[in-house]
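K.L.:
There's a structure below that I have some questions on.
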Amino acid sequence: MAVGLGEIGIPIYSPVSESLYPLLAVLLLTIGLLLTASFFIYEVTSTKLSRSLVHEFATGGLASVFLGFGTLFLLLWTGVYV
Amino acid sequence: MARAMALSLLLLVACFNLASAADSLTVVRADRKVDLLTQVVRVSTAWKVQNNGAEPVREVKLALTSEQAERVAFMEVVIKETKGKGKNAAVGLLLPVIRYSQEGSVIVYTLALPREIKEGEIATFESYVALTHQLKPFPEEITQSDSQLVKYHDTAYILSPYPVKVQTTMFKLSSSRLESFTKVNPTKVADTEVRYGPYEDVEALERKPITLHFENNQPFAVVEELVREIEISHWGNVYITENYNKLAHQGARLKGGFSRFEYQARPGASGVSAFRHLLAKLPVHANSVYYRDEIGNISTSHLRSDFRRTELELEPRYPLFGGWKVPFTLGYSVPLQDLVFKAADGSRYLNISFGSPFGNIVVDKLILKVVLPEGSYDVSATVPFPEGSFEQRQEKKFSYLDTVGRTVHVIVKKNSVMEHQFKNVLVHYRFNPLGMLVEPLMLVLAFFAFFASCIAYTHFDFTLSKSTSAYLAQVQRDQVIDVISKLQKVLGIRQTAEERLEASLKDVLRTGDITACKADRKNADAVWKSTSKDLKALLDTLQSTMKTVPGKPSTTKPSVIVTKVETLLLKEKEMVEKLQQKQTFIVDAYERKLSGKEIDARIAPVQEKLESLRQEVSNLRSSLED
């Protein structure tokens with residue numbers, strides 16, 4: 001199958017095993033949602049004066065990384081191969 | 001490019017040189033077998049060619065009528081080479097078509113030989129040609145109970161650009177019912193075979209038209225246009241979508257009405273030329289197979305798969321009679337590793353069969369679209385068909401999470417038959433593995449944009465009028481809350497120091513270790529001292545915040561807070577003092593070695609006061625929280 005016009009190729013696999021997609025999707029999305037929750041809790045409990053921009057961006061950024069990758073694996077798990 | 005030019009120039013020169021020499025070939029013997037079993041006409045001919053000229057020959061020619069040439073789906077010429085000795089010494093070598101030219105109503109294909117034919121030498125090769133749309137239904141319209149008759153036109157003599165010494169032709173029919181045939185002696189009919197020849201010494205390109213009229217009830221399934229879209233995802237999947245834009249039965253048209261009752265009741269005798277199933281041979285690991293048309297999913301299908309193959313048998317919405325059409329879409333997924341490979345030079349390539357997975361259908365126009373992942377470059381294709389029989393181009397397509405669009409390599413070929421299932425197209429491309437991160441990063445960015453907008457919303461002040469009392473009260477409230485939360489923090493620090501001292505006092509009562517207690521006292525004192533300044537500052541800020549209330553008398557609430565805070569601070573200070581007092585007592589008592597009872601008696605009032613103060617402080621603190 002891999003032989004074509006004298007070429008012998010190595011099959012290319014997905015960088016992440018497909019059996020890990022459900023686990024990764026659930027895990028990353030859970031962490032992402034927890035971070036989102038903590039972000040919003042911080043937003044509503046702190047006042048304009050006591051709010052720290054660094055803290056906000058750190059939580060928001062971390063949450064978006066987890067949510068982003070979690071969504072990717074969710075899409076892959078459901079069969080939407082991007 | 002320059003090399004290609006030079007090569008073609010060389011070929012041109014060579015062809016001029018050989019123009020006379022090529023005609024010096026003679027066919028010693030030719031045996032033709034014409035397969036008329038299905039709707040596709042498959043002609044295989046064994047040629048024995050001799051070079052009668054003085055010069056060696058490097059090319060060989062093959063002729064087809066221009067009507068046939070238009071309908072050539074597949075052409076392959078194999079030369080038998082003997083390499084070494086032994087049983088498997090004969091090796092088939094594929095001859096490439098280097099050019100074709102029209103000579104009157106005949107198209108002559110020129111093929112390059114791997115090895116020249118020297119003077120007097122004999123070479124054997126086999127040609128195999130598959131033609132579509134050669135069988136014409138006659139009569140053109142039949143009723144449901146009739147069987148289908150077709151006419152086939154050909155020549156009794158093999159069309160050859162060279163004179164042929166001896167030749168035979170055998171037509172293989174799909175049934176023994178042969179209505180008529182043209183006689184060109186010697187002609188023999190035996191069951192389902194019609195034999196013409198042997199004929200001797202036929203001139204080059206000489207024709208003797210014949211017509212065969214016989215029964216053929218094979219499905220004449222023709223797809224006008226098939227779009228096969230192959231979408232590669234490096235995350236482990238290849239989507240294949242096949243859009244059968246009108247699958248039609250192009251045999252004899254149905255005359256009169258269709259009787260479902262008759263069709264069901266007499267399956268062998270009614271609608272024999274109609275077909276209700278189609279069988280597709282899908283790749284081994286094909287999964288997520290779907291099959292639908294404009295109305296929706298069609299579920300009358302069977303999918304069988306084992307470790308060697310996956311077969312899909314599907315039933316269109318209705319049995320197809322002559323002239324009837326049905327458009328539908330078939331889709332499936334194949335794991336990435338089955339179709340995409342990495343070449344030795346680091347480039348990647350897709351290896352996929354060109355033809356439709358359905359066996360017995362003819363495709364008039366097959367469009368193969370290979371959608372490569374976003375960010376692929378250096379795209380090229382290796383197509384197993386001679387130049388000129390196909391077209392290729394590139395376009396862009398936007399799919400999931402795309403920014404610049406995916407490169408689509410399109411290959412268009414007219415006339416496709418089952419043989420193309422075994423012909424693989426290779427689409428080469430290069431791809432940076434880091435490019436796979438683009439899509440997740442886009443998702444991350446989208447989420448980050450959401451969080452950033454939330455942050456911006458809470459940080460910016462969207463109030464239009466900044467002088468209304470409500471707005472100012474809000475600002476003041478925020479400031480008060482801020483001061484109080486800071487105050488709480490400082491008080492918290494003080495409280496921990498206090499608790500620590502209290503704990504060490506308990507230790508003293510148990511162990512009598514005064515030095516440790518003294519050290520703790522020192523630490524606590526330091527904390528209290530440093531934080532008392534902060535407390536003072538915070539109280540000032542709070543008071544000044546209250547003063548800045550604009551002309552309009554604010555509610556009683558702020559002043560209540562100030563008094564509350566003041567009392568809290570006072571009580572807290574008193575509590576700390578009491579604690580210090582208690583500590584001094586205990587240390588003193590131990591130094592004077594007083595009995596446990598005495599100590600208890602002496603610290604009892606202090607302790608009482610301390611407890612009540614502690615209670616008050618904690619009450620005040622929690623009331624401030626509100």
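For the structure tokens, the naming scheme is as follows: chains receive sequential letters (A, B, ...) according to their order of presentation, residues are indexed from 1 within each chain, and ligands are indexed from 1 in presentation order.
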Please provide as a PyMOL selection string all residues within 8 Å of A:Gly60, with the sequence filter that same-chain residues fewer than 2 positions apart are discarded (counting only C-alpha atoms).

P.N.:
(chain A and resi 35-36+39+56-58+62-64) or (chain B and resi 448+451-452)

K.L.:
Residues of the last selection are to be written out with all heavy atoms, as a short mmCIF file (atom, residue, chain, number, x, y, z; two decimals), in the first residue's frame.

P.N.:
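That gives us again06.cif:
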```
data_model
loop_
_atom_site.label_atom_id
_atom_site.label_comp_id
_atom_site.auth_asym_id
_atom_site.auth_seq_id
_atom_site.Cartn_x
_atom_site.Cartn_y
_atom_site.Cartn_z
N LEU A 35 -10.92 27.20 36.16
CA LEU A 35 -10.16 28.45 36.12
C LEU A 35 -11.06 29.61 35.73
O LEU A 35 -10.92 30.72 36.27
CB LEU A 35 -8.99 28.31 35.15
CG LEU A 35 -7.80 27.52 35.68
CD1 LEU A 35 -6.85 27.17 34.57
CD2 LEU A 35 -7.07 28.35 36.74
N THR A 36 -11.98 29.36 34.81
CA THR A 36 -12.92 30.41 34.41
C THR A 36 -13.77 30.83 35.61
O THR A 36 -13.98 32.02 35.85
CB THR A 36 -13.86 29.88 33.31
OG1 THR A 36 -13.07 29.24 32.31
CG2 THR A 36 -14.66 30.99 32.68
N PHE A 39 -11.78 32.91 37.85
CA PHE A 39 -11.61 34.22 37.24
C PHE A 39 -12.80 35.12 37.54
O PHE A 39 -12.66 36.25 37.97
CB PHE A 39 -11.42 34.06 35.73
CG PHE A 39 -11.40 35.34 34.95
CD1 PHE A 39 -10.23 36.09 34.84
CD2 PHE A 39 -12.55 35.81 34.32
CE1 PHE A 39 -10.22 37.26 34.12
CE2 PHE A 39 -12.54 36.99 33.60
CZ PHE A 39 -11.37 37.72 33.51
N GLU A 56 -5.55 38.91 37.01
CA GLU A 56 -6.64 38.70 36.07
C GLU A 56 -6.15 38.03 34.79
O GLU A 56 -6.71 37.04 34.32
CB GLU A 56 -7.30 40.03 35.71
CG GLU A 56 -8.22 40.55 36.79
CD GLU A 56 -8.70 41.94 36.46
OE1 GLU A 56 -7.84 42.81 36.17
OE2 GLU A 56 -9.89 42.16 36.45
N PHE A 57 -5.06 38.62 34.23
CA PHE A 57 -4.56 38.07 32.97
C PHE A 57 -4.00 36.67 33.15
O PHE A 57 -4.10 35.83 32.26
CB PHE A 57 -3.53 39.01 32.34
CG PHE A 57 -4.17 40.07 31.50
CD1 PHE A 57 -4.20 41.39 31.92
CD2 PHE A 57 -4.77 39.74 30.30
CE1 PHE A 57 -4.81 42.36 31.14
CE2 PHE A 57 -5.39 40.70 29.52
CZ PHE A 57 -5.41 42.02 29.95
N ALA A 58 -3.39 36.42 34.29
CA ALA A 58 -2.83 35.09 34.53
C ALA A 58 -3.94 34.04 34.56
O ALA A 58 -3.88 33.03 33.88
CB ALA A 58 -2.06 35.08 35.85
N LEU A 62 -4.53 31.42 31.44
CA LEU A 62 -4.41 29.99 31.73
C LEU A 62 -5.73 29.28 31.40
O LEU A 62 -5.74 28.21 30.77
CB LEU A 62 -4.08 29.81 33.21
CG LEU A 62 -3.22 28.59 33.53
CD1 LEU A 62 -1.89 28.70 32.82
CD2 LEU A 62 -3.00 28.49 35.03
N ALA A 63 -6.83 29.92 31.77
CA ALA A 63 -8.13 29.33 31.49
C ALA A 63 -8.34 29.19 29.99
O ALA A 63 -8.83 28.18 29.51
CB ALA A 63 -9.25 30.18 32.10
N SER A 64 -7.94 30.23 29.22
CA SER A 64 -8.18 30.15 27.77
C SER A 64 -7.31 29.08 27.13
O SER A 64 -7.74 28.44 26.17
CB SER A 64 -8.00 31.50 27.10
OG SER A 64 -6.79 32.08 27.47
N PHE B 448 -9.27 33.77 24.90
CA PHE B 448 -8.52 34.83 25.57
C PHE B 448 -9.16 36.18 25.28
O PHE B 448 -9.24 37.04 26.16
CB PHE B 448 -7.06 34.81 25.13
CG PHE B 448 -6.21 35.72 25.95
CD1 PHE B 448 -5.89 35.38 27.25
CD2 PHE B 448 -5.76 36.92 25.45
CE1 PHE B 448 -5.14 36.22 28.04
CE2 PHE B 448 -5.01 37.78 26.22
CZ PHE B 448 -4.69 37.42 27.52
N PHE B 451 -11.95 36.64 27.67
CA PHE B 451 -11.50 37.02 29.02
C PHE B 451 -11.00 38.45 29.04
O PHE B 451 -11.29 39.20 29.98
CB PHE B 451 -10.40 36.06 29.51
CG PHE B 451 -10.92 34.73 29.94
CD1 PHE B 451 -10.63 33.59 29.23
CD2 PHE B 451 -11.73 34.62 31.07
CE1 PHE B 451 -11.12 32.35 29.63
CE2 PHE B 451 -12.22 33.40 31.46
CZ PHE B 451 -11.91 32.27 30.75
N ALA B 452 -10.27 38.83 28.00
CA ALA B 452 -9.72 40.19 27.94
C ALA B 452 -10.85 41.20 27.91
O ALA B 452 -10.77 42.26 28.54
CB ALA B 452 -8.83 40.34 26.71
#
```

K.L.:
With a cut-off of 8 Å and counting only C-alpha atoms, select all residues of chain B in contact with chain A and give the selection as a ChimeraX atom specification.

P.N.:
/B:233-237,336-344,351,399-401,424,426,439-448,451-452,455,458-459,478-479,481-482

K.L.:
What's the 9 Å shell around B:Phe220, counting only C-alpha atoms, without same-chain residues fewer than 2 positions away, as a list in words?

P.N.:
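Within the cut-off, the hits are Thr38, Gln39, Val40, Asn217, Gln218, Val222, Ala248, His249, Gln250, Gly251, Ala252, Ser273, Ala274, Phe275, Gly322, Asn360, Ile361 and Val362 of chain B.
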
K.L.:
Please write the residues from the selection above to a file, keeping C-alpha atoms, as a PDB file, in the first residue's frame.

P.N.:
```
ATOM      1  CA  THR B  38     -20.699  -5.441 -19.071  1.00  0.00           C
ATOM      2  CA  GLN B  39     -21.433  -1.947 -20.283  1.00  0.00           C
ATOM      3  CA  VAL B  40     -17.710  -1.322 -20.623  1.00  0.00           C
ATOM      4  CA  ASN B 217     -28.891  -7.077 -19.035  1.00  0.00           C
ATOM      5  CA  GLN B 218     -26.001  -5.714 -17.055  1.00  0.00           C
ATOM      6  CA  VAL B 222     -23.447   5.852 -15.533  1.00  0.00           C
ATOM      7  CA  ALA B 248     -28.365   7.178 -14.256  1.00  0.00           C
ATOM      8  CA  HIS B 249     -29.350   3.971 -15.975  1.00  0.00           C
ATOM      9  CA  GLN B 250     -28.312   4.724 -19.519  1.00  0.00           C
ATOM     10  CA  GLY B 251     -29.517   1.489 -21.055  1.00  0.00           C
ATOM     11  CA  ALA B 252     -32.780   1.093 -22.921  1.00  0.00           C
ATOM     12  CA  SER B 273     -32.060  -4.730 -16.888  1.00  0.00           C
ATOM     13  CA  ALA B 274     -32.977  -2.596 -13.879  1.00  0.00           C
ATOM     14  CA  PHE B 275     -30.790  -2.648 -10.822  1.00  0.00           C
ATOM     15  CA  GLY B 322     -33.574   2.740 -18.103  1.00  0.00           C
ATOM     16  CA  ASN B 360     -19.544  -1.646 -12.396  1.00  0.00           C
ATOM     17  CA  ILE B 361     -20.244   1.959 -12.962  1.00  0.00           C
ATOM     18  CA  VAL B 362     -18.948   4.291 -15.612  1.00  0.00           C
TER      19      VAL B 362
END
```

K.L.:
Report as a ChimeraX atom specification: the residues of stretch 128-237 of chain B with a DSSP assignment of strand (DSSP E or B), based on the backbone of this structure.

P.N.:
/B:128-131,135-137,141-142,149-155,164-173,178-181,187-190,193-202,209-215,221-233,237

K.L.:
Give me, please, the distance in Å between atom CA of B:Thr463 and atom CA of B:Phe450, quoted to one decimal.

P.N.:
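Atom CA of B:Phe450 lies 21.9 Å from atom CA of B:Thr463.
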
K.L.:
Tell me which protein, DNA and RNA residues are within 12 Å of B:Ile493, counting only C-alpha atoms, leaving out same-chain ones fewer than 3 positions away, and put them as a list in words.

P.N.:
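Skipping anything fewer than 3 positions along the chain leaves Lys486, Leu487, Gln488, Lys489, Val490, Thr496, Ala497, Glu498, Glu499, Arg500, Ala524, Ala526, Val527, Trp528, Lys529, Ser530, Thr531, Ser532, Asp534 and Leu535 of chain B.
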
K.L.:
So how far away is atom CA of B:His420 from atom CA of B:Ile352, in Å?

P.N.:
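Taking atom CA of B:Ile352 as the start and atom CA of B:His420 as the end point, the length is 10.6 Å.
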
K.L.:
Give me, as a JSON list (two decimals) with N, CA, C and O atoms, in the first residue's frame, all polymer residues having an atom no more than 7 Å from stretch 562-577 of chain B, counting only C-alpha atoms and skipping those fewer than 6 positions away in the same chain.

P.N.:
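Output saved as out_5.json:
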```json
[["chain", "number", "residue", "atom", "x", "y", "z"],
["B", 543, "GLN", "N", -11.38, 58.31, 56.92],
["B", 543, "GLN", "CA", -12.00, 59.56, 57.37],
["B", 543, "GLN", "C", -12.00, 60.59, 56.25],
["B", 543, "GLN", "O", -13.00, 61.27, 56.01],
["B", 610, "LEU", "N", -10.30, 39.99, 78.40],
["B", 610, "LEU", "CA", -9.74, 39.64, 77.08],
["B", 610, "LEU", "C", -10.77, 38.91, 76.23],
["B", 610, "LEU", "O", -10.99, 39.23, 75.06],
["B", 613, "LEU", "N", -13.45, 41.22, 75.06],
["B", 613, "LEU", "CA", -12.95, 42.09, 73.99],
["B", 613, "LEU", "C", -12.83, 41.33, 72.67],
["B", 613, "LEU", "O", -13.18, 41.81, 71.62],
["B", 614, "ARG", "N", -12.31, 40.11, 72.81],
["B", 614, "ARG", "CA", -12.12, 39.28, 71.62],
["B", 614, "ARG", "C", -13.46, 39.08, 70.92],
["B", 614, "ARG", "O", -13.57, 39.21, 69.70],
["B", 617, "VAL", "N", -14.51, 42.32, 69.23],
["B", 617, "VAL", "CA", -13.71, 42.59, 68.02],
["B", 617, "VAL", "C", -14.20, 41.73, 66.87],
["B", 617, "VAL", "O", -14.43, 42.22, 65.76],
["B", 620, "LEU", "N", -17.46, 42.98, 65.60],
["B", 620, "LEU", "CA", -17.32, 44.20, 64.80],
["B", 620, "LEU", "C", -16.76, 43.90, 63.41],
["B", 620, "LEU", "O", -17.22, 44.44, 62.42]]
```

K.L.:
Rounded to one decimal in Å, what is the spacing between atom CA of B:Glu502 and atom CA of B:Lys533?

P.N.:
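Atom CA of B:Lys533 lies at a distance of 22.8 Å from atom CA of B:Glu502.
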
K.L.:
Extract, using only C-alpha atoms, all DNA, RNA and protein residues at most 8 Å from B:Lys48, discarding same-chain residues fewer than 6 positions from it, and format them as a short mmCIF file (atom, residue, chain, number, x, y, z; two decimals) with N, CA, C and O atoms, in the first residue's frame.

P.N.:
```
data_model
loop_
_atom_site.label_atom_id
_atom_site.label_comp_id
_atom_site.auth_asym_id
_atom_site.auth_seq_id
_atom_site.Cartn_x
_atom_site.Cartn_y
_atom_site.Cartn_z
N VAL B 27 3.14 -6.33 -38.22
CA VAL B 27 2.57 -7.19 -37.20
C VAL B 27 2.53 -8.61 -37.76
O VAL B 27 1.89 -8.86 -38.79
N VAL B 28 3.22 -9.48 -37.10
CA VAL B 28 3.27 -10.87 -37.57
C VAL B 28 1.97 -11.57 -37.20
O VAL B 28 1.38 -12.28 -37.99
N ARG B 29 1.56 -11.33 -35.97
CA ARG B 29 0.32 -11.95 -35.52
C ARG B 29 -0.35 -11.08 -34.46
O ARG B 29 0.32 -10.51 -33.60
N ALA B 30 -1.66 -10.98 -34.57
CA ALA B 30 -2.40 -10.20 -33.57
C ALA B 30 -3.65 -10.97 -33.19
O ALA B 30 -4.38 -11.43 -34.06
N ILE B 122 11.79 -9.79 -33.24
CA ILE B 122 10.35 -9.83 -32.98
C ILE B 122 10.10 -9.44 -31.52
O ILE B 122 10.76 -9.94 -30.62
N ALA B 123 9.15 -8.55 -31.32
CA ALA B 123 8.79 -8.15 -29.95
C ALA B 123 7.31 -8.48 -29.72
O ALA B 123 6.50 -8.39 -30.63
N THR B 124 7.01 -8.87 -28.48
CA THR B 124 5.62 -9.17 -28.16
C THR B 124 5.15 -8.18 -27.12
O THR B 124 5.84 -7.92 -26.13
N PHE B 125 4.00 -7.65 -27.34
CA PHE B 125 3.41 -6.81 -26.29
C PHE B 125 1.90 -6.96 -26.30
O PHE B 125 1.32 -7.48 -27.25
#
```

K.L.:
List every residue of chain A that DSSP, applied to the backbone of this structure, assigns to alpha helix (DSSP H), and report them as a PyMOL selection string.

P.N.:
chain A and resi 21-45+53-77

K.L.:
Tell me which of A:Ile31, A:Ser38, A:Tyr21, A:Ser52 sits closest to A:Leu75, counting only C-alpha atoms.

P.N.:
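With only C-alpha atoms as the atom set, the closest residue is A:Tyr21.
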
K.L.:
Let me make sure I understand: among B:Ser504, B:Gln476, B:Ser44, B:Ser618, which one has the smallest atom-to-atom distance to B:Thr541 if we use only C-alpha atoms?

P.N.:
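So, comparing all the options, the nearest one is B:Gln476.
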